[in-house]
file start20.cif (mmCIF, C-alpha atoms)
data_coords
#
loop_
_atom_site.label_atom_id
_atom_site.label_comp_id
_atom_site.auth_asym_id
_atom_site.auth_seq_id
_atom_site.Cartn_x
_atom_site.Cartn_y
_atom_site.Cartn_z
CA MET A 1 -6.58 19.56 18.87
CA ILE A 2 -7.41 19.03 15.19
CA TYR A 3 -5.58 16.25 13.38
CA LEU A 4 -5.84 16.11 9.59
CA ASN A 5 -3.98 13.15 8.12
CA THR A 6 -4.19 12.22 4.46
CA ASN A 7 -2.29 8.97 5.04
CA ILE A 8 -5.44 7.14 6.08
CA LYS A 9 -8.40 6.00 3.99
CA THR A 10 -10.03 8.50 1.66
CA ILE A 11 -13.59 8.98 0.58
CA ILE A 12 -14.79 7.61 -2.76
CA SER A 13 -14.55 10.17 -5.55
CA LYS A 14 -17.54 11.24 -7.62
CA LYS A 15 -15.84 9.81 -10.71
CA THR A 16 -15.53 6.42 -9.02
CA SER A 17 -19.09 6.47 -7.70
CA SER A 18 -20.54 7.36 -11.10
CA GLU A 19 -18.53 4.60 -12.78
CA ILE A 20 -19.75 2.04 -10.25
CA LEU A 21 -23.35 3.17 -10.75
CA ARG A 22 -22.97 3.13 -14.54
CA TRP A 23 -21.73 -0.44 -14.61
CA ASP A 24 -24.29 -1.52 -12.06
CA ASN A 25 -27.02 -0.25 -14.37
CA ILE A 26 -25.44 -1.85 -17.42
CA LEU A 27 -25.25 -5.27 -15.80
CA ASN A 28 -28.71 -5.16 -14.25
CA ASP A 29 -30.76 -3.58 -17.03
CA ASP A 30 -31.85 -4.92 -20.38
CA ILE A 31 -28.57 -3.63 -21.83
CA LYS A 32 -26.97 -6.90 -20.78
CA LYS A 33 -28.93 -8.56 -23.56
CA GLU A 34 -26.51 -6.94 -25.97
CA LYS A 35 -24.00 -9.56 -24.81
CA ILE A 36 -21.39 -7.23 -23.38
CA ASP A 37 -18.04 -8.99 -23.33
CA ILE A 38 -17.10 -8.70 -19.65
CA ASN A 39 -13.83 -10.58 -20.12
CA MET A 40 -12.77 -8.15 -22.84
CA ILE A 41 -13.48 -5.20 -20.53
CA ILE A 42 -11.51 -6.76 -17.67
CA ASP A 43 -8.62 -7.50 -20.05
CA LYS A 44 -8.64 -3.85 -21.10
CA TYR A 45 -8.34 -2.62 -17.53
CA THR A 46 -5.74 -5.20 -16.50
CA SER A 47 -3.72 -4.22 -19.56
CA TYR A 48 -3.76 -0.69 -18.19
CA ILE A 49 -2.40 -2.00 -14.87
CA TYR A 50 0.41 -3.85 -16.63
CA SER A 51 1.21 -0.72 -18.62
CA TYR A 52 1.08 1.52 -15.53
CA PHE A 53 3.65 -0.63 -13.73
CA ASN A 54 5.66 -1.16 -16.90
CA ILE A 55 5.64 -4.94 -16.51
CA ASN A 56 5.08 -7.81 -18.91
CA LYS A 57 1.99 -9.98 -18.52
CA ASN A 58 4.22 -13.00 -18.57
CA LYS A 59 6.03 -11.85 -15.41
CA TYR A 60 3.16 -11.17 -12.98
CA GLU A 61 -0.25 -12.66 -12.40
CA ILE A 62 -2.88 -10.18 -11.15
CA LEU A 63 -5.52 -11.21 -8.63
CA PHE A 64 -8.30 -8.86 -7.55
CA THR A 65 -8.64 -8.96 -3.77
CA TYR A 66 -10.57 -7.37 -0.93
CA GLY A 67 -7.75 -4.93 -0.12
CA SER A 68 -4.13 -5.14 1.04
CA PRO A 69 -4.71 -6.84 4.44
CA LYS A 70 -6.62 -9.59 2.66
CA SER A 71 -3.86 -9.82 0.04
CA ASN A 72 -1.27 -10.24 2.79
CA ASN A 73 -3.31 -12.87 4.60
CA PHE A 74 -4.00 -14.64 1.32
CA ILE A 75 -0.26 -15.13 0.75
CA LEU A 76 0.33 -16.15 4.37
CA LYS A 77 -2.43 -18.74 4.17
CA LEU A 78 -1.28 -19.92 0.75
CA LEU A 79 2.33 -20.46 1.81
CA SER A 80 1.37 -22.09 5.11
CA GLN A 81 -0.89 -24.56 3.29
CA MET A 82 1.79 -25.35 0.73
CA HIS A 83 4.21 -26.29 3.49
CA SER A 84 1.81 -27.80 6.01
CA ASN A 85 3.33 -31.25 5.55
CA ILE A 86 6.87 -30.09 6.31
CA LYS A 87 8.03 -30.87 9.86
CA LYS A 88 9.89 -27.58 10.15
CA LYS A 89 7.32 -24.82 9.94
CA ILE A 90 8.13 -21.87 7.71
CA HIS A 91 9.32 -18.73 9.46
CA ILE A 92 7.98 -15.31 8.41
CA ILE A 93 9.25 -11.84 9.29
CA ILE A 94 6.80 -8.93 9.31
CA SER A 95 6.89 -5.32 10.44
CA SER A 96 5.79 -4.65 14.02
CA ILE A 97 3.81 -1.63 12.79
CA ASP A 98 2.01 -3.50 10.03
CA ASP A 99 -1.79 -3.64 9.87
CA ILE A 100 -3.13 -5.21 13.05
CA ILE A 101 -5.23 -7.54 10.89
CA ILE A 102 -2.04 -9.03 9.43
CA ILE A 103 -0.29 -9.34 12.79
CA ASN A 104 -3.32 -11.02 14.35
CA TYR A 105 -3.56 -13.42 11.43
CA CYS A 106 0.09 -14.39 11.89
CA LYS A 107 -0.69 -15.08 15.55
CA PHE A 108 -3.62 -17.23 14.47
CA LEU A 109 -1.46 -19.26 12.05
CA GLU A 110 1.24 -19.68 14.67
CA LYS A 111 -1.30 -20.79 17.27
CA ASN A 112 -2.51 -23.42 14.80
CA ASN A 113 1.04 -24.66 14.36
CA LEU A 114 1.25 -23.58 10.70
CA ILE A 115 4.01 -20.96 10.87
CA THR A 116 6.39 -19.19 13.20
CA PHE A 117 6.89 -15.46 12.83
CA SER A 118 8.99 -12.57 14.12
CA LEU A 119 8.24 -8.86 14.35
CA VAL A 120 10.91 -6.40 13.25
CA ASN A 121 10.82 -2.94 14.81
CA PRO A 122 11.56 0.23 12.82
CA ASN A 123 14.19 2.70 13.97
CA LYS A 124 13.34 6.07 15.55
CA GLU A 125 12.70 7.52 12.07
CA GLY A 126 10.16 4.83 11.29
CA ILE A 127 12.45 3.01 8.85
CA THR A 128 12.90 -0.76 8.90
CA GLU A 129 16.61 -1.37 8.57
CA LEU A 130 18.07 -4.41 6.85
CA GLU A 131 20.47 -5.07 9.74
CA GLU A 132 17.52 -5.48 12.09
CA ILE A 133 15.89 -7.92 9.69
CA LYS A 134 19.10 -9.96 9.47
CA LYS A 135 19.06 -10.47 13.25
CA LEU A 136 15.77 -12.35 12.93
CA ILE A 137 16.74 -14.65 10.06
CA ASN A 138 16.84 -18.36 10.82
CA PRO A 139 17.22 -21.48 8.62
CA ASN A 140 13.44 -21.71 8.15
CA THR A 141 12.86 -18.08 7.13
CA PHE A 142 10.72 -18.35 4.02
CA LEU A 143 9.07 -14.94 3.63
CA ILE A 144 9.84 -11.34 4.61
CA ASN A 145 6.91 -8.93 4.57
CA ILE A 146 7.98 -5.27 4.81
CA PRO A 147 5.92 -2.45 3.24
CA TYR A 148 7.42 0.22 1.00
CA SER A 149 6.30 3.06 3.23
CA ASN A 150 5.29 3.66 6.82
CA GLY A 151 1.83 5.18 6.53
CA GLU A 152 1.75 6.54 10.07
CA LEU A 153 5.24 8.02 10.25
CA GLY A 154 5.71 8.97 6.60
CA SER A 155 9.08 7.24 6.18
CA ILE A 156 10.32 5.08 3.31
CA ASN A 157 12.00 1.69 3.54
CA ASN A 158 14.85 0.69 1.26
CA ILE A 159 12.93 -2.12 -0.39
CA LYS A 160 15.49 -2.64 -3.13
CA GLU A 161 18.12 -3.41 -0.50
CA ILE A 162 15.71 -5.70 1.35
CA ASN A 163 14.65 -7.49 -1.83
CA ASP A 164 18.25 -7.94 -2.99
CA PHE A 165 19.05 -9.53 0.36
CA CYS A 166 16.03 -11.82 0.06
CA LYS A 167 17.13 -12.94 -3.40
CA SER A 168 20.64 -13.68 -2.13
CA LYS A 169 19.19 -15.91 0.62
CA ASN A 170 16.45 -17.51 -1.50
CA ILE A 171 13.77 -15.90 0.66
CA LEU A 172 10.48 -14.64 -0.78
CA TYR A 173 9.65 -10.95 -0.38
CA PHE A 174 6.19 -9.43 -0.01
CA CYS A 175 5.78 -5.64 -0.26
CA ASN A 176 2.79 -3.38 0.23
CA PHE A 177 2.78 -0.34 -2.06
CA ASP A 178 -0.41 1.29 -0.77
CA HIS A 179 0.86 4.80 -0.01
CA LEU A 180 2.68 5.15 -3.34
CA PHE A 181 0.03 3.56 -5.54
CA GLY A 182 -1.46 6.03 -8.02
CA ILE A 183 0.53 9.00 -6.69
CA ASN A 184 4.03 8.05 -7.82
CA LYS A 185 5.14 6.34 -10.99
CA ILE A 186 6.34 2.89 -9.97
CA ASN A 187 8.46 0.74 -12.28
CA LEU A 188 8.21 -2.73 -10.80
CA ASN A 189 10.91 -4.04 -13.13
CA VAL A 190 13.40 -2.14 -10.97
CA TYR A 191 12.47 -4.09 -7.85
CA ASN A 192 11.70 -7.64 -9.05
CA ILE A 193 9.58 -8.29 -5.94
CA ASP A 194 7.79 -11.63 -5.52
CA PHE A 195 4.45 -10.46 -4.10
CA ILE A 196 3.01 -6.93 -4.25
CA SER A 197 -0.25 -5.66 -2.77
CA LEU A 198 -2.12 -2.43 -3.46
CA SER A 199 -5.43 -0.96 -2.34
CA PHE A 200 -7.71 1.50 -4.10
CA ASP A 201 -9.00 3.22 -0.97
CA ASN A 202 -5.97 5.55 -0.92
CA ILE A 203 -6.74 6.86 -4.41
CA TYR A 204 -10.43 7.68 -3.89
CA GLY A 205 -11.59 4.22 -4.94
CA PRO A 206 -13.84 1.82 -3.00
CA HIS A 207 -12.63 0.45 0.32
CA ASP A 208 -11.83 -3.27 0.49
CA MET A 209 -10.76 -3.52 -3.12
CA GLY A 210 -7.18 -4.18 -4.10
CA LEU A 211 -4.70 -5.88 -6.38
CA LEU A 212 -2.28 -8.69 -5.65
CA LEU A 213 0.61 -9.23 -8.05
CA ILE A 214 2.35 -12.60 -7.93
CA LYS A 215 5.40 -13.50 -9.99
CA ARG A 216 4.30 -16.18 -12.42
CA ASN A 217 7.43 -18.28 -11.93
CA LEU A 218 6.27 -18.88 -8.34
CA ILE A 219 2.91 -20.32 -9.36
CA ASN A 220 3.49 -24.06 -9.65
CA ASP A 221 0.81 -26.76 -9.84
CA ASP A 222 0.49 -27.00 -6.06
CA MET A 223 0.02 -23.26 -5.66
CA GLU A 224 -2.48 -23.15 -8.52
CA LYS A 225 -4.51 -25.91 -6.90
CA ILE A 226 -4.58 -24.18 -3.51
CA ILE A 227 -5.44 -20.81 -5.05
CA LYS A 228 -8.52 -22.35 -6.63
CA SER A 229 -9.54 -24.10 -3.41
CA SER A 230 -12.57 -22.99 -1.42
CA THR A 231 -10.45 -22.21 1.66
CA LEU A 232 -9.13 -19.04 0.09
CA LYS A 233 -12.32 -17.61 -1.36
CA LYS A 234 -12.72 -15.05 1.41
CA TYR A 235 -9.47 -13.35 0.38
CA TYR A 236 -9.90 -12.67 -3.31
CA LEU A 237 -12.63 -12.28 -5.91
CA ILE A 238 -13.43 -15.78 -7.13
CA ASN A 239 -16.45 -14.61 -9.12
CA ILE A 240 -15.22 -11.37 -10.66
CA ASN A 241 -18.43 -10.90 -12.67
CA LYS A 242 -20.42 -10.22 -9.48
CA SER A 243 -17.93 -7.50 -8.53
CA ILE A 244 -17.64 -5.88 -11.95
CA PRO A 245 -19.12 -2.44 -10.99
CA ILE A 246 -16.83 -2.00 -7.97
CA LEU A 247 -13.84 -3.42 -9.83
CA LEU A 248 -14.21 -1.13 -12.82
CA GLY A 249 -14.96 1.80 -10.56
CA SER A 250 -11.69 1.10 -8.75
CA LEU A 251 -9.67 1.01 -11.93
CA ALA A 252 -11.38 4.18 -13.11
CA SER A 253 -10.16 5.88 -9.94
CA LEU A 254 -6.57 4.90 -10.82
CA ILE A 255 -6.89 6.21 -14.36
CA GLU A 256 -8.29 9.47 -13.02
CA ILE A 257 -5.66 10.02 -10.32
CA VAL A 258 -2.63 9.34 -12.53
CA LYS A 259 -3.95 11.64 -15.24
CA ASP A 260 -1.81 14.82 -15.31
CA ARG A 261 -0.11 13.70 -12.10
CA LYS A 262 2.85 16.06 -12.47
CA GLU A 263 0.61 19.09 -12.92
CA LYS A 264 -1.51 18.02 -9.96
CA ASN A 265 1.56 17.76 -7.72
CA LEU A 266 2.68 21.23 -8.74
CA LYS A 267 -0.73 22.59 -7.80
CA ILE A 268 -0.46 20.82 -4.45
CA LEU A 269 2.90 22.51 -3.94
CA GLU A 270 1.40 25.94 -4.63
CA LEU A 271 -1.51 25.20 -2.30
CA LYS A 272 0.84 23.99 0.43
CA MET A 273 3.04 27.10 0.28
CA ASP A 274 0.01 29.38 0.20
CA PHE A 275 -1.44 27.52 3.17
CA ILE A 276 1.80 27.82 5.14
CA ASN A 277 2.14 31.55 4.40
CA LYS A 278 -1.42 32.31 5.47
CA LEU A 279 -1.14 30.22 8.62
CA ASP A 280 2.12 31.94 9.45
CA SER A 281 0.29 35.24 9.68
CA LEU A 282 -2.13 33.73 12.21
CA PHE A 283 -0.24 31.13 14.23
CA PRO A 284 3.35 30.42 15.25
CA LEU A 285 4.62 27.66 12.96
CA ILE A 286 7.30 25.07 13.51
CA TYR A 287 9.29 25.17 10.29
CA TYR A 288 11.40 22.41 8.84
CA SER A 289 13.40 24.57 6.46
CA ASP A 290 15.29 21.62 4.98
CA TYR A 291 12.02 20.16 3.79
CA LEU A 292 10.16 23.18 2.47
CA HIS A 293 11.67 23.06 -1.02
CA MET A 294 11.52 19.29 -1.47
CA TYR A 295 7.93 19.16 -2.63
CA ASN A 296 8.08 17.68 -6.12
CA GLN A 297 6.71 14.61 -7.83
CA SER A 298 8.31 12.38 -5.24
CA ILE A 299 6.25 13.73 -2.35
CA ILE A 300 3.24 11.64 -1.45
CA LYS A 301 1.26 13.10 1.43
CA LEU A 302 1.00 16.15 3.65
CA SER A 303 -0.17 15.81 7.25
CA ILE A 304 -1.23 18.77 9.35
CA ILE A 305 -1.48 18.93 13.14
CA ILE A 306 -2.97 21.97 14.87
CA PHE A 307 -2.36 22.22 18.63
CA GLY A 308 -4.52 24.50 20.75
CA PRO A 309 -2.89 26.59 23.50
CA LYS A 310 -4.47 24.41 26.22
CA LEU A 311 -2.41 21.43 25.06
CA ILE A 312 0.94 23.25 25.12
CA SER A 313 1.14 25.42 28.21
CA ASN A 314 4.14 27.45 27.05
CA MET A 315 2.30 28.68 23.98
CA SER A 316 -0.35 31.35 24.02
CA LYS A 317 -1.57 30.68 20.47
CA ASN A 318 -2.43 27.72 18.27
CA THR A 319 0.55 25.88 16.79
CA VAL A 320 0.54 24.21 13.38
CA CYS A 321 2.90 21.36 12.54
CA LEU A 322 3.41 20.12 9.01
CA SER A 323 4.79 16.71 8.06
CA ILE A 324 5.83 15.74 4.54
CA PHE A 325 5.89 12.19 3.21
CA SER A 326 8.71 11.64 0.69
CA ILE A 327 10.30 8.74 -1.15
CA LYS A 328 13.58 10.62 -1.51
CA SER A 329 14.13 11.89 2.00
CA LYS A 330 13.85 10.46 5.50
CA ILE A 331 11.04 12.75 6.64
CA CYS A 332 8.68 11.57 9.32
CA ILE A 333 6.25 12.65 12.00
CA THR A 334 8.65 11.64 14.77
CA ASP A 335 10.54 14.86 13.97
CA ILE A 336 7.47 16.74 15.18
CA LYS A 337 7.37 14.71 18.38
CA LYS A 338 11.04 15.49 19.04
CA HIS A 339 10.43 19.23 18.73
CA LEU A 340 7.29 19.13 20.86
CA GLU A 341 9.15 17.35 23.65
CA GLU A 342 11.41 20.40 23.96
CA PHE A 343 8.52 22.50 25.24
#

call {"tool": "encode", "arguments": {"input": "start20.cif", "output": "structure tokens"}}
result
Amino acid sequence: MIYLNTNIKTIISKKTSSEILRWDNILNDDIKKEKIDINMIIDKYTSYIYSYFNINKNKYEILFTYGSPKSNNFILKLLSQMHSNIKKKIHIIISSIDDIIIINYCKFLEKNNLITFSLVNPNKEGITELEEIKKLINPNTFLINIPYSNGELGSINNIKEINDFCKSKNILYFCNFDHLFGINKINLNVYNIDFISLSFDNIYGPHDMGLLLIKRNLINDDMEKIIKSSTLKKYYLININKSIPILLGSLASLIEIVKDRKEKNLKILELKMDFINKLDSLFPLIYYSDYLHMYNQSIIKLSIIIFGPKLISNMSKNTVCLSIFSIKSKICITDIKKHLEEF
């Protein structure tokens, strides 16, 4: 069995690697004597981020972190410290299929009597439904952490509905945008989410490098003080200057991947259809006819599973299954499982 899944981490692109090397040389050679204004360069790249998400600098603060799991744990630690003196511990709701690092960290905080938390299960299509979240709400629910997309199943959560509910109940909402970042145009003004995390490893940037966006109106004096404390240094880049090459390489990967995005997606569509047609002449394919013509700018990923005849006794040839990841349709890998169970 061969399993090719583009929903997991990618390799670093040549463009990213060359940018990292270039900045590494600049900062370590005699060129640094020319007094390069690092802050000006960082401001230039962060301005690009604000422009990409179509948000005002006055609305969100950007922190550079060591990837989305660290961003999530940073917020969990931050909120638990802010409310450590309250007798009633804050209650947090997270997805049961979230990164194991996040789930384990919640267990750690709960064990240390800092929070309580609940896991919400997705439905059979991999979608986290609002009604299931509501069942877990209690008077101390302070934060709901549900990602935009399910990276393993390829399904999309209705985060606008979830966020609107959070706002109506005065609950903070944290959302991970990893599997949409760089591939789809995201207008964050539409969602008005409190905390947003993104990682560069899905767009051919370095692993363990990400962004954390925090709404500025949430950053009071207490939060500012805790953010600057030594207890949170392991989560985000305190000394950005030491991470300049990797940071600028990451942002270069974003600039590169969003360049001509529509044209790139059209080429992917042509490649996908050509791939399907050629495979069809070699192997029996399981078709999902309703999905074949949905590949447009909204589609994120394409997963391919090839089953050998030894794995499926009723088939004498290899079988290829295709799964499409879309933000417009409820398309997920569980559909494949359902069809395979019929054999």

call {"tool": "closest_residue", "arguments": {"input": "start20.cif", "among": "A:Glu132, A:Glu161, A:Glu125, A:Asp98", "to": "Asn176 (chain A)", "atoms": "only C-alpha atoms"}}
result
A:Asp98

call {"tool": "residues_around", "arguments": {"input": "start20.cif", "residues": "Lys70 (chain A)", "least_positions_apart": "2", "cutoff": "10 Å", "atoms": "all atoms listed in the file", "output": "PyMOL selection string"}}
result
chain A and resi 65-68+72-76+101-102+197+208-212+234-236

call {"tool": "residues_near_point", "arguments": {"input": "start20.cif", "point": "(15.0, -6.7, -7.7)", "cutoff": "6 Å", "atoms": "only C-alpha atoms", "output": "short mmCIF file (atom, residue, chain, number, x, y, z; two decimals) with C-alpha atoms, in the coordinates of the input"}}
result
data_model
loop_
_atom_site.label_atom_id
_atom_site.label_comp_id
_atom_site.auth_asym_id
_atom_site.auth_seq_id
_atom_site.Cartn_x
_atom_site.Cartn_y
_atom_site.Cartn_z
CA ASN A 163 14.65 -7.49 -1.83
CA ASP A 164 18.25 -7.94 -2.99
CA VAL A 190 13.40 -2.14 -10.97
CA TYR A 191 12.47 -4.09 -7.85
CA ASN A 192 11.70 -7.64 -9.05
CA ILE A 193 9.58 -8.29 -5.94
#

call {"tool": "atom_distance", "arguments": {"input": "start20.cif", "atom1": "CA of Ile183 (chain A)", "atom2": "CA of Ile156 (chain A)"}}
result
14.5 Å

call {"tool": "residues_near_point", "arguments": {"input": "start20.cif", "point": "(7.9, -3.5, 6.2)", "cutoff": "7 Å", "atoms": "all atoms listed in the file", "output": "PyMOL selection string"}}
result
chain A and resi 94-95+128+145-148

call {"tool": "atom_distance", "arguments": {"input": "start20.cif", "atom1": "CA of Tyr173 (chain A)", "atom2": "CA of Asn56 (chain A)"}}
result
19.3 Å

call {"tool": "atom_distance", "arguments": {"input": "start20.cif", "atom1": "CA of Gly205 (chain A)", "atom2": "CA of Lys15 (chain A)"}}
result
9.1 Å

call {"tool": "resolve_selection", "arguments": {"input": "start20.cif", "expression": "the PyMOL selection byres ((chain A and resi 262) around 10)", "output": "ChimeraX atom specification"}}
result
/A:183-184,258-261,263-268,296-298

call {"tool": "decode", "arguments": {"input": "start20.cif", "residues": "region 70-84 of chain A", "atoms": "N, CA, C and O atoms", "output": "mmCIF file, in the first residue's frame"}}
result
data_model
loop_
_atom_site.group_PDB
_atom_site.id
_atom_site.type_symbol
_atom_site.label_atom_id
_atom_site.label_comp_id
_atom_site.auth_asym_id
_atom_site.auth_seq_id
_atom_site.Cartn_x
_atom_site.Cartn_y
_atom_site.Cartn_z
ATOM 1 N N LYS A 70 2.879 25.231 19.439
ATOM 2 C CA LYS A 70 3.449 26.138 20.431
ATOM 3 C C LYS A 70 2.556 27.370 20.605
ATOM 4 O O LYS A 70 2.413 27.887 21.717
ATOM 5 N N SER A 71 1.966 27.848 19.507
ATOM 6 C CA SER A 71 1.056 28.989 19.596
ATOM 7 C C SER A 71 -0.147 28.647 20.456
ATOM 8 O O SER A 71 -0.573 29.439 21.305
ATOM 9 N N ASN A 72 -0.700 27.465 20.234
ATOM 10 C CA ASN A 72 -1.840 27.008 21.028
ATOM 11 C C ASN A 72 -1.471 26.916 22.510
ATOM 12 O O ASN A 72 -2.188 27.425 23.376
ATOM 13 N N ASN A 73 -0.347 26.277 22.793
ATOM 14 C CA ASN A 73 0.063 26.105 24.181
ATOM 15 C C ASN A 73 0.439 27.432 24.838
ATOM 16 O O ASN A 73 0.260 27.609 26.051
ATOM 17 N N PHE A 74 0.942 28.339 24.027
ATOM 18 C CA PHE A 74 1.248 29.686 24.525
ATOM 19 C C PHE A 74 -0.012 30.358 25.070
ATOM 20 O O PHE A 74 -0.024 30.902 26.173
ATOM 21 N N ILE A 75 -1.097 30.292 24.301
ATOM 22 C CA ILE A 75 -2.356 30.912 24.721
ATOM 23 C C ILE A 75 -2.940 30.193 25.936
ATOM 24 O O ILE A 75 -3.440 30.816 26.881
ATOM 25 N N LEU A 76 -2.865 28.866 25.936
ATOM 26 C CA LEU A 76 -3.370 28.098 27.073
ATOM 27 C C LEU A 76 -2.622 28.461 28.350
ATOM 28 O O LEU A 76 -3.227 28.668 29.412
ATOM 29 N N LYS A 77 -1.304 28.541 28.248
ATOM 30 C CA LYS A 77 -0.492 28.912 29.398
ATOM 31 C C LYS A 77 -0.774 30.350 29.819
ATOM 32 O O LYS A 77 -0.903 30.648 31.012
ATOM 33 N N LEU A 78 -0.881 31.226 28.855
ATOM 34 C CA LEU A 78 -1.133 32.638 29.130
ATOM 35 C C LEU A 78 -2.440 32.836 29.888
ATOM 36 O O LEU A 78 -2.497 33.513 30.920
ATOM 37 N N LEU A 79 -3.509 32.223 29.392
ATOM 38 C CA LEU A 79 -4.825 32.385 30.011
ATOM 39 C C LEU A 79 -4.882 31.719 31.383
ATOM 40 O O LEU A 79 -5.527 32.235 32.308
ATOM 41 N N SER A 80 -4.217 30.572 31.514
ATOM 42 C CA SER A 80 -4.230 29.889 32.816
ATOM 43 C C SER A 80 -3.480 30.703 33.856
ATOM 44 O O SER A 80 -3.882 30.753 35.027
ATOM 45 N N GLN A 81 -2.391 31.362 33.457
ATOM 46 C CA GLN A 81 -1.643 32.197 34.393
ATOM 47 C C GLN A 81 -2.438 33.445 34.774
ATOM 48 O O GLN A 81 -2.417 33.876 35.931
ATOM 49 N N MET A 82 -3.144 34.001 33.813
ATOM 50 C CA MET A 82 -3.931 35.203 34.089
ATOM 51 C C MET A 82 -5.029 34.941 35.100
ATOM 52 O O MET A 82 -5.432 35.836 35.844
ATOM 53 N N HIS A 83 -5.519 33.708 35.142
ATOM 54 C CA HIS A 83 -6.648 33.383 36.008
ATOM 55 C C HIS A 83 -6.271 32.395 37.114
ATOM 56 O O HIS A 83 -7.130 31.747 37.696
ATOM 57 N N SER A 84 -4.989 32.314 37.415
ATOM 58 C CA SER A 84 -4.525 31.350 38.415
ATOM 59 C C SER A 84 -5.015 31.682 39.818
ATOM 60 O O SER A 84 -5.084 30.792 40.678
#
